[in-house]
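Participant: This one is input19.cif, mmCIF, C-alpha atoms.
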```cif
data_structure
#
loop_
_atom_site.group_PDB
_atom_site.id
_atom_site.type_symbol
_atom_site.label_atom_id
_atom_site.label_comp_id
_atom_site.auth_asym_id
_atom_site.auth_seq_id
_atom_site.Cartn_x
_atom_site.Cartn_y
_atom_site.Cartn_z
ATOM 1 C CA MET K 1405 0.000 0.000 0.000
ATOM 2 C CA LEU K 1406 1.360 3.398 -0.988
ATOM 3 C CA ASP K 1407 1.316 6.181 1.570
ATOM 4 C CA PRO K 1408 -1.204 8.776 0.317
ATOM 5 C CA ALA K 1409 0.835 11.629 1.791
ATOM 6 C CA GLY K 1410 2.855 13.410 -0.867
ATOM 7 C CA ALA K 1411 6.630 13.603 -0.452
ATOM 8 C CA LEU K 1412 9.184 16.227 -1.448
ATOM 9 C CA VAL K 1413 12.705 14.839 -1.900
ATOM 10 C CA LEU K 1414 15.702 17.137 -1.429
ATOM 11 C CA PHE K 1415 17.397 15.978 -4.610
ATOM 12 C CA SER K 1416 20.926 17.012 -5.553
ATOM 13 C CA GLY K 1417 21.558 14.387 -8.215
ATOM 14 C CA GLY K 1418 24.121 12.583 -6.069
ATOM 15 C CA GLN K 1419 24.242 8.981 -4.885
ATOM 16 C CA ASP K 1420 22.485 9.561 -1.562
ATOM 17 C CA SER K 1421 19.657 11.701 -2.881
ATOM 18 C CA THR K 1422 19.093 9.287 -5.780
ATOM 19 C CA VAL K 1423 18.652 6.413 -3.327
ATOM 20 C CA CYS K 1424 16.312 8.623 -1.280
ATOM 21 C CA LEU K 1425 14.292 9.408 -4.406
ATOM 22 C CA ALA K 1426 13.935 5.688 -5.167
ATOM 23 C CA TRP K 1427 12.991 5.048 -1.519
ATOM 24 C CA ALA K 1428 10.274 7.701 -1.691
ATOM 25 C CA LEU K 1429 8.935 6.439 -5.030
ATOM 26 C CA ALA K 1430 8.575 2.970 -3.513
ATOM 27 C CA ARG K 1431 6.492 4.364 -0.623
ATOM 28 C CA TYR K 1432 4.475 7.387 -1.744
ATOM 29 C CA GLY K 1433 1.886 7.878 -4.438
ATOM 30 C CA ARG K 1434 3.117 11.359 -5.309
ATOM 31 C CA VAL K 1435 6.759 12.414 -5.182
ATOM 32 C CA GLU K 1436 8.212 15.766 -6.196
ATOM 33 C CA THR K 1437 11.851 16.832 -6.117
ATOM 34 C CA VAL K 1438 13.623 20.035 -5.207
ATOM 35 C CA GLY K 1439 17.192 21.056 -5.951
ATOM 36 C CA PHE K 1440 19.240 24.093 -4.990
ATOM 37 C CA ASP K 1441 21.587 26.214 -7.065
ATOM 38 C CA TYR K 1442 23.740 27.820 -4.381
ATOM 39 C CA GLY K 1443 26.798 28.493 -6.546
ATOM 40 C CA GLN K 1444 28.387 25.117 -5.896
ATOM 41 C CA ARG K 1445 31.679 24.367 -7.665
ATOM 42 C CA HIS K 1446 30.325 20.961 -8.623
ATOM 43 C CA ALA K 1447 27.374 22.515 -10.473
ATOM 44 C CA VAL K 1448 27.481 19.550 -12.838
ATOM 45 C CA GLU K 1449 25.262 17.892 -10.220
ATOM 46 C CA LEU K 1450 22.443 20.131 -11.468
ATOM 47 C CA GLU K 1451 22.732 18.392 -14.845
ATOM 48 C CA ALA K 1452 22.916 15.008 -13.131
ATOM 49 C CA ARG K 1453 19.558 15.720 -11.481
ATOM 50 C CA VAL K 1454 17.889 15.937 -14.891
ATOM 51 C CA ALA K 1455 19.587 12.790 -16.181
ATOM 52 C CA VAL K 1456 18.720 10.722 -13.108
ATOM 53 C CA ARG K 1457 15.065 11.749 -13.100
ATOM 54 C CA ALA K 1458 14.702 11.049 -16.824
ATOM 55 C CA ARG K 1459 16.286 7.633 -16.559
ATOM 56 C CA ILE K 1460 14.176 6.651 -13.561
ATOM 57 C CA ALA K 1461 11.058 7.597 -15.509
ATOM 58 C CA ARG K 1462 12.194 5.502 -18.493
ATOM 59 C CA ARG K 1463 13.487 2.412 -16.720
ATOM 60 C CA PHE K 1464 11.230 2.002 -13.695
ATOM 61 C CA GLY K 1465 7.685 1.753 -14.991
ATOM 62 C CA PRO K 1466 5.831 1.504 -11.640
ATOM 63 C CA TRP K 1467 7.641 4.592 -10.352
ATOM 64 C CA ALA K 1468 7.188 6.812 -13.401
ATOM 65 C CA PRO K 1469 3.539 7.821 -12.722
ATOM 66 C CA ARG K 1470 4.443 8.770 -9.142
ATOM 67 C CA LEU K 1471 7.302 11.069 -10.148
ATOM 68 C CA GLY K 1472 5.878 14.570 -10.108
ATOM 69 C CA GLU K 1473 7.294 18.021 -10.697
ATOM 70 C CA ASP K 1474 10.891 19.041 -10.217
ATOM 71 C CA HIS K 1475 11.750 22.413 -8.664
ATOM 72 C CA LEU K 1476 15.160 24.088 -8.925
ATOM 73 C CA LEU K 1477 15.540 26.946 -6.455
ATOM 74 C CA GLU K 1478 18.103 29.713 -6.885
ATOM 75 C CA MET K 1479 20.112 30.271 -3.673
ATOM 76 C CA ARG K 1480 23.321 31.865 -4.949
ATOM 77 C CA GLY K 1481 23.007 34.688 -2.458
ATOM 78 C CA PHE K 1482 23.171 32.195 0.373
ATOM 79 C CA GLY K 1483 26.142 30.417 -1.219
ATOM 80 C CA SER K 1484 28.110 33.658 -1.465
ATOM 81 C CA VAL K 1485 27.513 34.430 2.215
ATOM 82 C CA ALA K 1486 28.270 30.900 3.464
ATOM 83 C CA ALA K 1487 31.433 30.594 1.406
ATOM 84 C CA SER K 1488 33.405 27.335 1.597
ATOM 85 C CA ALA K 1489 35.507 25.042 -0.568
ATOM 86 C CA LEU K 1490 32.244 23.952 -2.202
ATOM 87 C CA THR K 1491 31.423 27.474 -3.386
ATOM 88 C CA ALA K 1492 34.883 28.990 -3.941
ATOM 89 C CA ASP K 1493 38.219 27.884 -5.386
ATOM 90 C CA ARG K 1494 39.752 26.917 -2.049
ATOM 91 C CA ALA K 1495 41.719 23.916 -0.859
ATOM 92 C CA ILE K 1496 39.755 21.014 0.571
ATOM 93 C CA GLU K 1497 41.237 20.599 4.054
ATOM 94 C CA MET K 1498 40.433 20.645 7.746
ATOM 95 C CA THR K 1499 39.963 24.110 9.199
ATOM 96 C CA ALA K 1500 40.993 25.530 12.571
ATOM 97 C CA ARG K 1501 37.430 24.844 13.804
ATOM 98 C CA GLY K 1502 37.943 21.136 13.243
ATOM 99 C CA LEU K 1503 35.466 21.124 10.359
ATOM 100 C CA PRO K 1504 36.258 20.333 6.713
ATOM 101 C CA SER K 1505 36.542 23.356 4.434
ATOM 102 C CA THR K 1506 33.733 21.824 2.350
ATOM 103 C CA PHE K 1507 31.288 22.603 5.166
ATOM 104 C CA VAL K 1508 28.810 25.239 3.985
ATOM 105 C CA PRO K 1509 27.536 26.767 7.258
ATOM 106 C CA GLY K 1510 23.822 26.205 7.667
ATOM 107 C CA ARG K 1511 23.362 24.666 4.210
ATOM 108 C CA ASN K 1512 20.996 21.852 5.230
ATOM 109 C CA LEU K 1513 19.111 24.212 7.522
ATOM 110 C CA ALA K 1514 18.595 26.683 4.683
ATOM 111 C CA PHE K 1515 17.637 23.869 2.302
ATOM 112 C CA LEU K 1516 14.980 22.661 4.713
ATOM 113 C CA VAL K 1517 13.478 26.137 5.143
ATOM 114 C CA TYR K 1518 13.150 26.518 1.380
ATOM 115 C CA ALA K 1519 11.909 22.951 0.947
ATOM 116 C CA ALA K 1520 9.307 23.317 3.695
ATOM 117 C CA ALA K 1521 8.009 26.567 2.216
ATOM 118 C CA LEU K 1522 7.696 24.836 -1.149
ATOM 119 C CA ALA K 1523 6.051 21.763 0.411
ATOM 120 C CA ASP K 1524 3.541 24.021 2.157
ATOM 121 C CA ARG K 1525 2.578 25.573 -1.171
ATOM 122 C CA ARG K 1526 2.471 22.211 -2.966
ATOM 123 C CA GLY K 1527 0.425 20.447 -0.284
ATOM 124 C CA LEU K 1528 3.170 17.932 0.538
ATOM 125 C CA LYS K 1529 3.520 16.678 4.098
ATOM 126 C CA VAL K 1530 6.737 14.633 3.971
ATOM 127 C CA LEU K 1531 10.260 15.947 3.423
ATOM 128 C CA VAL K 1532 12.899 13.364 2.467
ATOM 129 C CA GLY K 1533 16.631 14.053 2.775
ATOM 130 C CA GLY K 1534 19.825 12.069 2.390
ATOM 131 C CA MET K 1535 21.505 13.304 5.571
ATOM 132 C CA CYS K 1536 23.562 10.586 7.227
ATOM 133 C CA GLU K 1537 25.199 10.431 10.630
ATOM 134 C CA THR K 1538 26.851 6.998 10.399
ATOM 135 C CA ASP K 1539 29.389 7.995 7.740
ATOM 136 C CA PHE K 1540 29.770 11.322 9.526
ATOM 137 C CA SER K 1541 31.333 13.828 7.141
ATOM 138 C CA GLY K 1542 32.088 16.400 9.786
ATOM 139 C CA TYR K 1543 28.968 18.404 8.956
ATOM 140 C CA PRO K 1544 27.022 19.240 12.123
ATOM 141 C CA ASP K 1545 23.858 19.897 10.107
ATOM 142 C CA CYS K 1546 23.739 16.199 9.151
ATOM 143 C CA ARG K 1547 23.146 15.106 12.746
ATOM 144 C CA ARG K 1548 19.728 13.763 13.642
ATOM 145 C CA GLU K 1549 19.444 16.045 16.686
ATOM 146 C CA THR K 1550 20.024 19.067 14.437
ATOM 147 C CA LEU K 1551 17.340 17.912 12.036
ATOM 148 C CA GLU K 1552 14.822 17.174 14.803
ATOM 149 C CA ALA K 1553 15.302 20.699 16.159
ATOM 150 C CA GLN K 1554 14.894 22.149 12.661
ATOM 151 C CA LEU K 1555 11.710 20.150 12.070
ATOM 152 C CA THR K 1556 10.231 21.408 15.328
ATOM 153 C CA ALA K 1557 10.994 24.987 14.338
ATOM 154 C CA LEU K 1558 9.510 24.538 10.865
ATOM 155 C CA ASN K 1559 6.288 23.033 12.171
ATOM 156 C CA LEU K 1560 5.921 25.749 14.797
ATOM 157 C CA GLY K 1561 6.781 28.560 12.408
ATOM 158 C CA MET K 1562 4.518 27.333 9.596
ATOM 159 C CA ALA K 1563 1.680 25.880 11.695
ATOM 160 C CA GLN K 1564 2.319 22.598 9.899
ATOM 161 C CA ASP K 1565 2.800 18.933 10.734
ATOM 162 C CA PHE K 1566 5.614 18.020 8.381
ATOM 163 C CA THR K 1567 7.465 14.735 8.732
ATOM 164 C CA LEU K 1568 11.186 14.590 7.912
ATOM 165 C CA GLU K 1569 12.377 11.209 6.654
ATOM 166 C CA THR K 1570 16.110 10.456 6.524
ATOM 167 C CA PRO K 1571 16.314 6.839 5.316
ATOM 168 C CA LEU K 1572 20.136 6.839 5.183
ATOM 169 C CA MET K 1573 20.698 8.303 8.639
ATOM 170 C CA TRP K 1574 22.080 5.140 10.251
ATOM 171 C CA LEU K 1575 23.455 3.426 7.132
ATOM 172 C CA THR K 1576 27.068 3.218 6.037
ATOM 173 C CA LYS K 1577 27.972 4.022 2.438
ATOM 174 C CA ALA K 1578 28.218 0.285 1.772
ATOM 175 C CA ASP K 1579 24.699 -0.068 3.192
ATOM 176 C CA THR K 1580 23.516 2.688 0.852
ATOM 177 C CA TRP K 1581 24.615 0.623 -2.151
ATOM 178 C CA SER K 1582 22.804 -2.348 -0.597
ATOM 179 C CA LEU K 1583 19.640 -0.289 -0.186
ATOM 180 C CA ALA K 1584 19.833 0.845 -3.808
ATOM 181 C CA LYS K 1585 19.929 -2.782 -4.914
ATOM 182 C CA GLY K 1586 17.061 -3.654 -2.581
ATOM 183 C CA LEU K 1587 14.954 -0.866 -4.050
ATOM 184 C CA GLY K 1588 15.666 -1.195 -7.749
ATOM 185 C CA GLY K 1589 18.008 -4.120 -8.295
ATOM 186 C CA GLU K 1590 21.175 -3.909 -10.349
ATOM 187 C CA ALA K 1591 19.396 -1.528 -12.733
ATOM 188 C CA LEU K 1592 19.254 1.153 -10.033
ATOM 189 C CA VAL K 1593 22.851 0.488 -9.020
ATOM 190 C CA GLU K 1594 23.937 0.953 -12.639
ATOM 191 C CA LEU K 1595 21.922 4.168 -12.909
ATOM 192 C CA ILE K 1596 23.625 5.563 -9.813
ATOM 193 C CA VAL K 1597 27.057 4.617 -11.132
ATOM 194 C CA GLU K 1598 26.502 6.146 -14.565
ATOM 195 C CA ASP K 1599 24.268 9.169 -13.975
ATOM 196 C CA SER K 1600 24.524 10.431 -10.392
ATOM 197 C CA HIS K 1601 27.272 12.846 -9.379
ATOM 198 C CA THR K 1602 29.067 13.163 -6.046
ATOM 199 C CA CYS K 1603 32.580 14.510 -6.764
ATOM 200 C CA TYR K 1604 33.208 17.883 -5.093
ATOM 201 C CA LEU K 1605 35.418 18.976 -8.003
ATOM 202 C CA GLY K 1606 32.744 18.276 -10.601
ATOM 203 C CA ASP K 1607 34.920 15.754 -12.468
ATOM 204 C CA ARG K 1608 32.985 13.757 -15.070
ATOM 205 C CA ALA K 1609 36.070 12.885 -17.141
ATOM 206 C CA HIS K 1610 37.259 9.978 -15.005
ATOM 207 C CA ARG K 1611 35.119 6.826 -14.767
ATOM 208 C CA HIS K 1612 35.673 4.393 -11.896
ATOM 209 C CA ALA K 1613 33.831 1.212 -10.944
ATOM 210 C CA TRP K 1614 31.683 3.300 -8.571
ATOM 211 C CA GLY K 1615 31.028 6.148 -11.003
ATOM 212 C CA HIS K 1616 32.517 9.420 -12.268
ATOM 213 C CA GLY K 1617 34.779 11.632 -10.197
ATOM 214 C CA CYS K 1618 38.280 12.816 -9.427
ATOM 215 C CA GLY K 1619 38.836 9.869 -7.101
ATOM 216 C CA THR K 1620 40.670 11.946 -4.493
ATOM 217 C CA CYS K 1621 38.239 14.415 -2.899
ATOM 218 C CA PRO K 1622 36.446 13.397 0.321
ATOM 219 C CA ALA K 1623 33.154 12.723 -1.508
ATOM 220 C CA CYS K 1624 34.839 10.410 -4.007
ATOM 221 C CA ASP K 1625 36.793 8.674 -1.260
ATOM 222 C CA LEU K 1626 33.649 7.982 0.772
ATOM 223 C CA ARG K 1627 31.742 6.730 -2.254
ATOM 224 C CA ALA K 1628 34.648 4.521 -3.371
ATOM 225 C CA ARG K 1629 35.168 2.980 0.071
ATOM 226 C CA GLY K 1630 31.466 2.234 0.314
ATOM 227 C CA TRP K 1631 31.534 0.554 -3.093
ATOM 228 C CA GLU K 1632 34.579 -1.508 -2.178
ATOM 229 C CA GLY K 1633 33.005 -2.645 1.086
ATOM 230 C CA TRP K 1634 29.751 -3.536 -0.651
ATOM 231 C CA THR K 1635 31.380 -5.478 -3.471
ATOM 232 C CA ALA K 1636 33.728 -7.281 -1.057
ATOM 233 C CA ALA K 1637 30.636 -8.460 0.843
ATOM 234 C CA GLY K 1638 29.153 -9.930 -2.340
ATOM 235 C CA ARG K 1639 26.908 -6.994 -3.353
ATOM 236 C CA PRO K 1640 24.118 -7.765 -0.845
ATOM 237 C CA GLU K 1641 20.797 -5.959 -0.786
ATOM 238 C CA ILE K 1642 18.907 -4.341 2.083
ATOM 239 C CA ALA K 1643 15.130 -4.513 2.198
ATOM 240 C CA PRO K 1644 13.691 -0.976 1.960
ATOM 241 C CA GLU K 1645 11.800 -1.498 5.225
ATOM 242 C CA ILE K 1646 15.079 -1.517 7.149
ATOM 243 C CA ALA K 1647 15.668 2.121 6.211
ATOM 244 C CA SER K 1648 12.199 3.199 7.308
#
```
Using the file provided, produce a representation of the structure as structure tokens.

Facilitator:
Amino acid sequence: MLDPAGALVLFSGGQDSTVCLAWALARYGRVETVGFDYGQRHAVELEARVAVRARIARRFGPWAPRLGEDHLLEMRGFGSVAASALTADRAIEMTARGLPSTFVPGRNLAFLVYAAALADRRGLKVLVGGMCETDFSGYPDCRRETLEAQLTALNLGMAQDFTLETPLMWLTKADTWSLAKGLGGEALVELIVEDSHTCYLGDRAHRHAWGHGCGTCPACDLRARGWEGWTAAGRPEIAPEIAS
């Protein structure tokens, strides 16, 4: 039985958000997506969003009728204020605060404000995001306690009763590959490898077993290590219910 509540997926076009989109399409009768142009260096992910959505619609027949509108929101003003190695030509390194220079201060919080305002207008009650605490990237706005506090504020401030689903929150990157297979089989795994984009440097020239990327930035390293762990374990699959 599909959940009649509509869902809005925070969809970047990367591995995690693609798995979250598949997870939502398997559960909800109506699923829309929202992306954010905040001046990211890896803006190629905005093109990946289009490719991933189109391929899902073509290759996954039961999901295609559930895949609703896509919304791309312009947030370049925010990106220029919250400058980081993701929005400026800076080295990717640890900062004096103990946070990676790829941390965009308040990015997920800002994304959720915009997404909730859009969901309110679109009549959608469920927000779905790919935030993950298990493979902790050093981003404090990926923590579940941060997101719970944000959800409380959004519901109070908008007189709403939104739900925030984070199906990857307690999964490792290897588990995320397993969940992809559990949701859409090897066809979804292949789609993620070929069409999604994770690399912070926006590299689409180099193709690895796990997909396109520079192979050296933290995002590529995390994705590659997850792939290696998953393949070493025999490419298992996780039932979607486990991530609920």

Participant: Using all atoms listed in the file, I'd like a table of the residues in region 1410-1456 of chain K that come within 7 Å of region 1523-1530 of chain K; for each, show the closest atom pair and its distance in Å rounded to one decimal, ordered by chain and ascending number, as CSV.

Facilitator:
```
residue,atom,partner,partner_atom,distance
K:Gly1410,CA,K:Leu1528,CA,4.7
K:Ala1411,CA,K:Val1530,CA,4.5
K:Leu1412,CA,K:Val1530,CA,6.2
```

Participant: Calculated over only C-alpha atoms, which of the candidates K:Leu1450, K:Leu1429, K:Val1532, K:Met1479 has the smallest distance to Leu1414 (chain K)?

Facilitator: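 When distances to Leu1414 (chain K) are compared using only C-alpha atoms, the smallest one comes from K:Val1532.
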
Participant: With the PyMOL selection byres ((chain K and resi 1436-1448) around 7) as the selection, what would be picked from this file? Answer as JSON, numbers by chain, please.

Facilitator: {"K": [1411, 1412, 1413, 1414, 1415, 1416, 1434, 1435, 1449, 1450, 1451, 1452, 1471, 1472, 1473, 1474, 1475, 1476, 1477, 1478, 1479, 1480, 1482, 1483, 1490, 1491, 1492, 1604, 1605, 1606]}

Participant: What does the PyMOL selection byres ((chain K and resi 1551) around 10) select in this file, as a PyMOL selection string?

Facilitator: chain K and resi 1512-1513+1516+1535+1544-1550+1552-1557+1568-1570

Participant: Around (22.0, 5.6, 9.8) in the file's frame, which residues reach within 8 Å when counting only C-alpha atoms? Return as JSON, numbers by chain?

Facilitator: {"K": [1536, 1537, 1538, 1571, 1572, 1573, 1574, 1575, 1576]}

Participant: What separation in Å, quoted to one decimal, exists between CA of Pro1640 (chain K) and CA of Ala1578 (chain K)?

Facilitator: 9.4 Å

Participant: Please measure the separation of CA of Arg1639 (chain K) and CA of Arg1431 (chain K), giving the value in Å to one decimal.

Facilitator: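 CA of Arg1431 (chain K) lies at a distance of 23.5 Å from CA of Arg1639 (chain K).
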
Participant: Here is a test: counting all atoms listed in the file, which residue of K:Ala1637, K:Thr1602, K:Lys1585, K:Gly1481 is nearest to Thr1620 (chain K)?

Facilitator: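 Of the candidates, the smallest distance to Thr1620 (chain K) is held by K:Thr1602.
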
Participant: What is the CA of Ala1563 (chain K) to CA of Val1517 (chain K) distance in Å?

Facilitator: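 CA of Ala1563 (chain K) sits 13.5 Å away from CA of Val1517 (chain K).
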
Participant: Taking into account all atoms listed in the file, which residue in the set K:Thr1580, K:Thr1567, K:Thr1635, K:Asn1559 is nearest to Ala1426 (chain K)?

Facilitator: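 Answer, going by the shortest atom-to-atom distance: K:Thr1580.
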
Participant: Using the file's own x, y and z axes, what box holds all listed atoms of region 1517-1533 of chain K with 3 Å on each side, keeping edges along x, y and z, and what are its centre and edge lengths in Å to one decimal, as JSON?

Facilitator:
```
{"center_x": 8.5, "center_y": 20.0, "center_z": 1.1, "size_x": 22.2, "size_y": 19.2, "size_z": 14.1}
```

Participant: For the file shown, what are the residues hit by the PyMOL selection byres ((chain K and resi 1423) around 9), laid out as a list of chain:residue names?

Facilitator: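 Those residues are K:Gly1418, K:Gln1419, K:Asp1420, K:Ser1421, K:Thr1422, K:Cys1424, K:Leu1425, K:Ala1426, K:Trp1427, K:Ala1428, K:Gly1534, K:Pro1571, K:Leu1572, K:Thr1580, K:Trp1581, K:Leu1583, K:Ala1584, K:Leu1587, K:Leu1592, K:Ile1596.
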
Participant: Using all atoms listed in the file for the distances, tell me which of K:His1616, K:Arg1463, K:Arg1629, K:Arg1470 is nearest to Glu1590 (chain K).

Facilitator: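 Smallest separation from Glu1590 (chain K) among the options: K:Arg1463.
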
Participant: Using the incomplete input, complete region 1541-1571 of chain K to the level of N, CA and C atoms; output as a PDB file, keeping the file's coordinate frame.

Facilitator:
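What follows is the written file rebuild.pdb:
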```
ATOM      1  N   SER K1541      30.430  13.073   8.002  1.00  0.00           N
ATOM      2  CA  SER K1541      31.333  13.828   7.141  1.00  0.00           C
ATOM      3  C   SER K1541      31.986  14.998   7.861  1.00  0.00           C
ATOM      4  N   GLY K1542      31.594  15.222   9.093  1.00  0.00           N
ATOM      5  CA  GLY K1542      32.088  16.400   9.786  1.00  0.00           C
ATOM      6  C   GLY K1542      31.121  17.568   9.683  1.00  0.00           C
ATOM      7  N   TYR K1543      29.948  17.341   9.123  1.00  0.00           N
ATOM      8  CA  TYR K1543      28.968  18.404   8.956  1.00  0.00           C
ATOM      9  C   TYR K1543      27.951  18.336  10.093  1.00  0.00           C
ATOM     10  N   PRO K1544      27.943  19.306  10.988  1.00  0.00           N
ATOM     11  CA  PRO K1544      27.022  19.240  12.123  1.00  0.00           C
ATOM     12  C   PRO K1544      25.551  19.327  11.722  1.00  0.00           C
ATOM     13  N   ASP K1545      25.256  19.828  10.518  1.00  0.00           N
ATOM     14  CA  ASP K1545      23.858  19.897  10.107  1.00  0.00           C
ATOM     15  C   ASP K1545      23.363  18.603   9.470  1.00  0.00           C
ATOM     16  N   CYS K1546      24.182  17.534   9.568  1.00  0.00           N
ATOM     17  CA  CYS K1546      23.739  16.199   9.151  1.00  0.00           C
ATOM     18  C   CYS K1546      23.279  15.369  10.345  1.00  0.00           C
ATOM     19  N   ARG K1547      23.480  15.875  11.555  1.00  0.00           N
ATOM     20  CA  ARG K1547      23.146  15.106  12.746  1.00  0.00           C
ATOM     21  C   ARG K1547      21.638  15.062  12.959  1.00  0.00           C
ATOM     22  N   ARG K1548      21.165  13.921  13.448  1.00  0.00           N
ATOM     23  CA  ARG K1548      19.728  13.763  13.642  1.00  0.00           C
ATOM     24  C   ARG K1548      19.182  14.776  14.640  1.00  0.00           C
ATOM     25  N   GLU K1549      19.940  15.089  15.693  1.00  0.00           N
ATOM     26  CA  GLU K1549      19.444  16.045  16.686  1.00  0.00           C
ATOM     27  C   GLU K1549      19.296  17.434  16.076  1.00  0.00           C
ATOM     28  N   THR K1550      20.168  17.800  15.150  1.00  0.00           N
ATOM     29  CA  THR K1550      20.024  19.067  14.437  1.00  0.00           C
ATOM     30  C   THR K1550      18.735  19.075  13.627  1.00  0.00           C
ATOM     31  N   LEU K1551      18.499  17.981  12.918  1.00  0.00           N
ATOM     32  CA  LEU K1551      17.340  17.912  12.036  1.00  0.00           C
ATOM     33  C   LEU K1551      16.029  17.875  12.818  1.00  0.00           C
ATOM     34  N   GLU K1552      16.029  17.197  13.963  1.00  0.00           N
ATOM     35  CA  GLU K1552      14.822  17.174  14.803  1.00  0.00           C
ATOM     36  C   GLU K1552      14.496  18.583  15.296  1.00  0.00           C
ATOM     37  N   ALA K1553      15.520  19.325  15.702  1.00  0.00           N
ATOM     38  CA  ALA K1553      15.302  20.699  16.159  1.00  0.00           C
ATOM     39  C   ALA K1553      14.781  21.569  15.023  1.00  0.00           C
ATOM     40  N   GLN K1554      15.343  21.386  13.825  1.00  0.00           N
ATOM     41  CA  GLN K1554      14.894  22.149  12.661  1.00  0.00           C
ATOM     42  C   GLN K1554      13.445  21.826  12.319  1.00  0.00           C
ATOM     43  N   LEU K1555      13.084  20.552  12.383  1.00  0.00           N
ATOM     44  CA  LEU K1555      11.710  20.150  12.070  1.00  0.00           C
ATOM     45  C   LEU K1555      10.723  20.772  13.052  1.00  0.00           C
ATOM     46  N   THR K1556      11.093  20.779  14.324  1.00  0.00           N
ATOM     47  CA  THR K1556      10.231  21.408  15.328  1.00  0.00           C
ATOM     48  C   THR K1556      10.018  22.877  15.014  1.00  0.00           C
ATOM     49  N   ALA K1557      11.095  23.566  14.661  1.00  0.00           N
ATOM     50  CA  ALA K1557      10.994  24.987  14.338  1.00  0.00           C
ATOM     51  C   ALA K1557      10.129  25.217  13.097  1.00  0.00           C
ATOM     52  N   LEU K1558      10.290  24.384  12.094  1.00  0.00           N
ATOM     53  CA  LEU K1558       9.510  24.538  10.865  1.00  0.00           C
ATOM     54  C   LEU K1558       8.019  24.336  11.133  1.00  0.00           C
ATOM     55  N   ASN K1559       7.701  23.302  11.890  1.00  0.00           N
ATOM     56  CA  ASN K1559       6.288  23.033  12.171  1.00  0.00           C
ATOM     57  C   ASN K1559       5.657  24.129  13.033  1.00  0.00           C
ATOM     58  N   LEU K1560       6.426  24.649  13.982  1.00  0.00           N
ATOM     59  CA  LEU K1560       5.921  25.749  14.797  1.00  0.00           C
ATOM     60  C   LEU K1560       5.759  27.014  13.964  1.00  0.00           C
ATOM     61  N   GLY K1561       6.774  27.313  13.161  1.00  0.00           N
ATOM     62  CA  GLY K1561       6.781  28.560  12.408  1.00  0.00           C
ATOM     63  C   GLY K1561       5.825  28.590  11.237  1.00  0.00           C
ATOM     64  N   MET K1562       5.425  27.395  10.745  1.00  0.00           N
ATOM     65  CA  MET K1562       4.518  27.333   9.596  1.00  0.00           C
ATOM     66  C   MET K1562       3.155  26.766   9.961  1.00  0.00           C
ATOM     67  N   ALA K1563       2.936  26.494  11.249  1.00  0.00           N
ATOM     68  CA  ALA K1563       1.680  25.880  11.695  1.00  0.00           C
ATOM     69  C   ALA K1563       1.382  24.641  10.854  1.00  0.00           C
ATOM     70  N   GLN K1564       2.406  23.782  10.744  1.00  0.00           N
ATOM     71  CA  GLN K1564       2.319  22.598   9.899  1.00  0.00           C
ATOM     72  C   GLN K1564       2.574  21.343  10.731  1.00  0.00           C
ATOM     73  N   ASP K1565       2.462  20.198  10.085  1.00  0.00           N
ATOM     74  CA  ASP K1565       2.800  18.933  10.734  1.00  0.00           C
ATOM     75  C   ASP K1565       3.640  18.099   9.781  1.00  0.00           C
ATOM     76  N   PHE K1566       4.708  18.720   9.274  1.00  0.00           N
ATOM     77  CA  PHE K1566       5.614  18.020   8.381  1.00  0.00           C
ATOM     78  C   PHE K1566       6.281  16.840   9.086  1.00  0.00           C
ATOM     79  N   THR K1567       6.600  15.828   8.305  1.00  0.00           N
ATOM     80  CA  THR K1567       7.465  14.735   8.732  1.00  0.00           C
ATOM     81  C   THR K1567       8.761  14.835   7.942  1.00  0.00           C
ATOM     82  N   LEU K1568       9.890  14.602   8.596  1.00  0.00           N
ATOM     83  CA  LEU K1568      11.186  14.590   7.912  1.00  0.00           C
ATOM     84  C   LEU K1568      11.737  13.174   7.942  1.00  0.00           C
ATOM     85  N   GLU K1569      11.849  12.560   6.776  1.00  0.00           N
ATOM     86  CA  GLU K1569      12.377  11.209   6.654  1.00  0.00           C
ATOM     87  C   GLU K1569      13.824  11.267   6.185  1.00  0.00           C
ATOM     88  N   THR K1570      14.696  10.545   6.906  1.00  0.00           N
ATOM     89  CA  THR K1570      16.110  10.456   6.524  1.00  0.00           C
ATOM     90  C   THR K1570      16.499   8.980   6.469  1.00  0.00           C
ATOM     91  N   PRO K1571      16.141   8.295   5.375  1.00  0.00           N
ATOM     92  CA  PRO K1571      16.314   6.839   5.316  1.00  0.00           C
ATOM     93  C   PRO K1571      17.761   6.358   5.383  1.00  0.00           C
TER      94      PRO K1571
END
```
